[in-house]
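Accompanying notes for the structure given below.
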Amino acid sequence: MSEATERQAEASKRGNEIVARDYSAFDAELTHQAFNFRLFVRLLGWLRPYRVTVLVSILLVLGGAVAGVMMPVMTGRVAIDSILLPASSGAQAPDYGLVDLNQWLASSAGIEPLTAATILYVLLVVLNALLMLAHRLTLASAALKALRDLRLDLFRSLEAKPASFFDHVAIGRVMTRVTNDIENLFMLISGFGMLAGEFVPFVLALGLMLMMSVEVTGVVLIAVPLAAIATVLFRRAMRDIFRLIRNSVSALNQYMQENLVGMEVVQLSGRQDQNAREYGDLNRDNRYQEYRAINYEVIYDAFNNSLIGAASAAVVWFGGGEVIQEEISLGSMVLFTQLVAMLVMPVVALGQQFNTLFRSMASGERIFQALDWDERQKEPSEPVALPDRLDGRVEFRDVHFRYVQSDPVLKGVSFEIPAGHKLAIVGPTGSGKSTIIRLLARFYDFADDQVFLDGIDVNRIASADLRRRLGIVLQDFHVFSGTVLDNITLNDMTISRERAVWAAKMVNADGFISELPDGYDTRLSERGQNLSQGQRQLLAFARVLARDPEILVLDEATASIDTATEILIQDALRRLTEGRTSIIIAHRLQTIQECDSVLVLHHGQVEEHGSHEELLAAKGIYYTLHELQFQDVSE
């Protein structure tokens, strides 16, 4: 095997290793555990900067829980055993100093003891409400700040993904992670705060009940395992349902995103009714799964409400006998009936939170899967520092590249563009023209020692530094939300308004911009729909020129511009390309004729390379393309 053949095989092998990746794993079915402790601990990491706020929230819920338990103590111990039936016999519950406090308030204010008890009870109700409200607000504040940071980290992570990631992963599913899944995590954090607000009174109420009567407490505690069993059964029934709900929501978002982006095609092809039916099928599947979840929740809630009523009835029956036998006081029995809900409701609340828990854990898995997706733009460990101004010499050396495990797109492509020269790249669709641009800008990872800029391997240059030296104008120019000026400068503070206006004038965009209602401060609609295709392309030229790149790339940039508009930009193009290395992918004869050389690609290989006149004289592929595509112009 020759040295050249060995190098080609090795380059192809390395290219395969770089791009080989199972993208289906990104949307593979996740574990959907009811509770993933590792995931929850990891989520708490985003709460760490706000731990003081969380600590305050915990203290508030403790205070609110104590006030909540003291309310039934006021009813049973103070109002009944101390005021209404002071001679009541039987064991009495502890009053935690409330009896003495009530007597002091009555004597100090000169009011009846029952009136004082009413005032204290109202104060406890207000205190409980305020503390619980403050607890929820502080917890929500910490959760929202943490999820704000998580959303930003997720956004940054997605921005760092290479183009190959978005070539294979549905955008609608990615959007679900950034929007719906983040919102579900807020429900998870706030839901745990609500559970804390339920279980703290549970512990306090259980201790108080055991102090009053172990026997009556045992009767009440029978309801707790029954509620726990119902919760386990509910969790098992809901696990698969919520997985199906998540999948159906993702499918709805993906279908909606695809159709909104391709709305012009939908309307041109008259697919509105067909798409509505398909979306309706997806919507019905989502409704069916949601309806199943609601049915289980209604049954579960009804069972638990009935369980609380049955437990209260058991307390009255058994506790009433204890009162008659003078084992406990009447106030203690009344206190028991009020504390029943505090024992059962936390278990009930836990079951109710399984709805949120399932949704949130699935969302958390999906978010961390996106964060942990290890595909990143390959960056050099020690990037080469570029000079202030590059010469702009570009060289491709025996470049092999493939997007997926299939036929390679580029097969041993080699060419060199001297500094300041203009190269036109032509060839049939699928010949690899745009791939050359993507590799030069390092939108895709590829093997080392294949693409060079001023003799430097581009894989040794930080991608951000590299792309600052490239000015790329694509056929489909993207307009961002904001003003015309924002779209030229992209909010780059190093580009002044004066330079942006100068760039627009250079490419003859100033004429139509000045006619807009607010000139350069005119706000553009979504995707620039209030501009024509030609105006958007002129705006693209202004954006590139404002950055003054050393290398200019036009990828079918004039393909959608009418003849009148093209005349306006031809002179600007000549000035724009002067002194810059330029790569032009175009079909228009006039643009190609003005280039120093023409590169002809066919099936990913360089078939011809020379000047326009030389290639016409050779009567090869370029001559054929010229005759087929440009004969109307040449006549």
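If you're wondering about the labels, chains in the structure tokens are A, B, ... by order shown, residues count from 1 in each chain, ligands from 1 in order shown.
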
* Surrounding residues of segment 144-157 of chain A excluding itself and chain neighbours under 3 positions, 8 Å, only C-alpha atoms, as a ChimeraX atom specification -> /A:46-47,50,140-141,160-161,178,182,185-186,367,370-371

Export of the given selection (N, CA and C atoms) as a JSON list (two decimals), in the first residue's frame:
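The result, written out as selection_36.json:
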```json
[["chain", "number", "residue", "atom", "x", "y", "z"],
["A", 46, "TRP", "N", -27.63, 23.76, 42.49],
["A", 46, "TRP", "CA", -27.99, 25.09, 41.98],
["A", 46, "TRP", "C", -28.65, 25.95, 43.06],
["A", 47, "LEU", "N", -29.08, 25.30, 44.17],
["A", 47, "LEU", "CA", -29.65, 26.06, 45.28],
["A", 47, "LEU", "C", -28.57, 26.54, 46.26],
["A", 50, "TYR", "N", -28.03, 30.10, 47.23],
["A", 50, "TYR", "CA", -29.17, 30.73, 47.90],
["A", 50, "TYR", "C", -29.53, 29.95, 49.17],
["A", 140, "ALA", "N", -39.92, 29.79, 47.08],
["A", 140, "ALA", "CA", -40.13, 30.05, 45.65],
["A", 140, "ALA", "C", -39.05, 30.97, 45.11],
["A", 141, "SER", "N", -38.65, 31.97, 45.92],
["A", 141, "SER", "CA", -37.59, 32.88, 45.48],
["A", 141, "SER", "C", -36.29, 32.13, 45.23],
["A", 160, "ALA", "N", -22.93, 25.49, 23.04],
["A", 160, "ALA", "CA", -21.60, 24.91, 22.84],
["A", 160, "ALA", "C", -21.63, 23.65, 22.00],
["A", 161, "LYS", "N", -22.84, 23.13, 21.74],
["A", 161, "LYS", "CA", -22.93, 21.92, 20.92],
["A", 161, "LYS", "C", -22.54, 22.24, 19.48],
["A", 178, "VAL", "N", -35.72, 23.01, 27.58],
["A", 178, "VAL", "CA", -35.43, 24.37, 28.05],
["A", 178, "VAL", "C", -36.67, 25.02, 28.65],
["A", 182, "ILE", "N", -37.82, 22.66, 32.60],
["A", 182, "ILE", "CA", -37.36, 23.58, 33.64],
["A", 182, "ILE", "C", -38.52, 23.97, 34.55],
["A", 185, "LEU", "N", -39.25, 21.32, 37.07],
["A", 185, "LEU", "CA", -38.31, 21.28, 38.19],
["A", 185, "LEU", "C", -38.67, 22.30, 39.26],
["A", 186, "PHE", "N", -39.23, 23.42, 38.85],
["A", 186, "PHE", "CA", -39.72, 24.39, 39.85],
["A", 186, "PHE", "C", -40.82, 23.75, 40.70],
["A", 367, "ILE", "N", -33.11, 17.01, 31.43],
["A", 367, "ILE", "CA", -32.26, 18.21, 31.49],
["A", 367, "ILE", "C", -30.80, 17.82, 31.72],
["A", 370, "ALA", "N", -29.18, 16.35, 28.73],
["A", 370, "ALA", "CA", -28.71, 17.37, 27.78],
["A", 370, "ALA", "C", -27.43, 18.04, 28.29],
["A", 371, "LEU", "N", -27.37, 18.32, 29.60],
["A", 371, "LEU", "CA", -26.16, 18.94, 30.16],
["A", 371, "LEU", "C", -24.96, 18.01, 30.08]]
```

* Contacts of segment 214-224 of chain A at 8 Å (only C-alpha atoms; same-chain gap of 4+ positions) as an MDAnalysis selection string -> chainID A and resid 206 209:210 228 307:308 311:312 314:315 318:319 340 343:344 347

* Asked: What residues in segment 247-471 of chain A get the DSSP label strand (DSSP E)? Please answer as a PyMOL selection string.
  -> chain A and resi 394-401+410-417+422-426+451-453+456-457+470-471

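Secondary structure by DSSP on the backbone puts the following residues of segment 508-554 of chain A in helix (DSSP H, G or I): A:Asp510, A:Gly511, A:Phe512, A:Ile513, A:Ser514, A:Gly519, A:Tyr520, A:Asp521, A:Glu526, A:Arg527, A:Gly528, A:Gln533, A:Gly534, A:Gln535, A:Arg536, A:Gln537, A:Leu538, A:Leu539, A:Ala540, A:Phe541, A:Ala542, A:Arg543, A:Val544, A:Leu545, A:Ala546, A:Arg547.
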
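In this model, the gap between atom CA of Asp449 of chain A and atom CA of Glu159 of chain A comes to 26.4 Å.
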
Any idea what's packed within 10 Å of segment 299-305 of chain A, counting only C-alpha atoms, ignoring anything in its chain fewer than 2 positions away? Could you give it as a short mmCIF file (atom, residue, chain, number, x, y, z; two decimals) with C-alpha atoms, in the first residue's frame?
```cif
data_model
loop_
_atom_site.label_atom_id
_atom_site.label_comp_id
_atom_site.auth_asym_id
_atom_site.auth_seq_id
_atom_site.Cartn_x
_atom_site.Cartn_y
_atom_site.Cartn_z
CA ALA A 223 -54.83 5.00 59.05
CA LEU A 226 -53.43 2.32 54.89
CA ALA A 227 -52.66 5.72 53.36
CA ALA A 230 -52.70 3.48 48.78
CA THR A 231 -49.82 5.82 47.96
CA LEU A 233 -50.33 1.54 44.59
CA PHE A 234 -51.01 5.00 43.21
CA ILE A 294 -56.89 12.58 36.43
CA ASN A 295 -59.04 9.48 37.01
CA TYR A 296 -56.41 7.91 39.25
CA GLU A 297 -55.92 11.18 41.13
CA LEU A 307 -59.73 7.62 55.36
CA ILE A 308 -59.42 10.84 57.38
CA GLY A 309 -63.14 10.77 58.13
CA ALA A 310 -62.95 7.12 59.22
CA ALA A 341 -55.59 15.26 59.80
CA VAL A 344 -52.79 11.46 57.64
CA MET A 345 -52.48 14.55 55.45
CA VAL A 347 -49.00 10.88 53.61
CA VAL A 348 -51.85 12.09 51.42
CA ALA A 349 -49.79 15.10 50.33
CA GLY A 351 -49.21 10.79 47.20
CA GLN A 352 -50.53 13.95 45.63
#
```

* To do: Quick one: everything within 12 Å of Val78 of chain A, counting only C-alpha atoms, minus sequence neighbours fewer than 2 positions away in the same chain. Send it as a count of residues only.
  => 40

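If you count only C-alpha atoms and ignore residues fewer than 4 places along the chain from Val52 of chain A, what sits within 12 Å of it is Leu47, Arg48, Val56, Ser57, Ile58, Leu59, Thr138, Leu139, Ser141 and Ala142 of chain A.
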
Expected file: the selected residues, all heavy atoms, as a short mmCIF file (atom, residue, chain, number, x, y, z; two decimals), in the first residue's frame:
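Result saved to part25.cif:
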```cif
data_model
loop_
_atom_site.label_atom_id
_atom_site.label_comp_id
_atom_site.auth_asym_id
_atom_site.auth_seq_id
_atom_site.Cartn_x
_atom_site.Cartn_y
_atom_site.Cartn_z
N LEU A 47 -29.08 25.30 44.17
CA LEU A 47 -29.65 26.06 45.28
C LEU A 47 -28.57 26.54 46.26
O LEU A 47 -28.85 27.37 47.12
CB LEU A 47 -30.66 25.19 46.05
CG LEU A 47 -32.07 25.09 45.48
CD1 LEU A 47 -32.85 24.01 46.21
CD2 LEU A 47 -32.80 26.42 45.57
N ARG A 48 -27.36 26.01 46.12
CA ARG A 48 -26.31 26.33 47.09
C ARG A 48 -26.05 27.83 47.22
O ARG A 48 -25.88 28.32 48.34
CB ARG A 48 -25.02 25.58 46.71
CG ARG A 48 -23.94 25.69 47.80
CD ARG A 48 -22.75 24.80 47.48
NE ARG A 48 -23.12 23.40 47.51
CZ ARG A 48 -23.13 22.59 46.45
NH1 ARG A 48 -22.78 23.07 45.26
NH2 ARG A 48 -23.47 21.33 46.55
N VAL A 56 -33.71 30.26 55.88
CA VAL A 56 -34.79 31.11 56.41
C VAL A 56 -36.15 30.46 56.16
O VAL A 56 -37.02 30.46 57.03
CB VAL A 56 -34.73 32.51 55.77
CG1 VAL A 56 -35.96 33.32 56.13
CG2 VAL A 56 -33.46 33.24 56.21
N SER A 57 -36.32 29.88 54.98
CA SER A 57 -37.58 29.21 54.66
C SER A 57 -37.84 28.04 55.60
O SER A 57 -38.98 27.82 56.04
CB SER A 57 -37.55 28.74 53.20
OG SER A 57 -38.75 28.08 52.86
N ILE A 58 -36.78 27.28 55.94
CA ILE A 58 -36.94 26.15 56.86
C ILE A 58 -37.33 26.64 58.25
O ILE A 58 -38.22 26.06 58.91
CB ILE A 58 -35.62 25.35 56.92
CG1 ILE A 58 -35.35 24.68 55.57
CG2 ILE A 58 -35.68 24.31 58.04
CD1 ILE A 58 -34.00 24.00 55.51
N LEU A 59 -36.70 27.71 58.71
CA LEU A 59 -37.05 28.26 60.03
C LEU A 59 -38.50 28.76 60.04
O LEU A 59 -39.22 28.59 61.03
CB LEU A 59 -36.09 29.39 60.38
CG LEU A 59 -34.63 28.99 60.60
CD1 LEU A 59 -33.77 30.22 60.86
CD2 LEU A 59 -34.51 27.99 61.76
N THR A 138 -40.26 32.63 50.28
CA THR A 138 -38.80 32.53 50.31
C THR A 138 -38.32 31.28 49.57
O THR A 138 -37.31 31.32 48.86
CB THR A 138 -38.29 32.50 51.75
OG1 THR A 138 -38.99 31.47 52.49
CG2 THR A 138 -38.49 33.84 52.43
N LEU A 139 -39.06 30.18 49.72
CA LEU A 139 -38.68 28.96 49.00
C LEU A 139 -38.82 29.16 47.50
O LEU A 139 -37.95 28.75 46.71
CB LEU A 139 -39.54 27.79 49.47
CG LEU A 139 -39.23 26.44 48.82
CD1 LEU A 139 -37.83 25.98 49.20
CD2 LEU A 139 -40.27 25.39 49.20
N SER A 141 -38.65 31.97 45.92
CA SER A 141 -37.59 32.88 45.48
C SER A 141 -36.29 32.13 45.23
O SER A 141 -35.63 32.31 44.19
CB SER A 141 -37.38 33.97 46.53
OG SER A 141 -36.27 34.78 46.21
N ALA A 142 -35.90 31.27 46.17
CA ALA A 142 -34.67 30.49 46.00
C ALA A 142 -34.78 29.54 44.81
O ALA A 142 -33.84 29.39 44.03
CB ALA A 142 -34.36 29.72 47.27
#
```
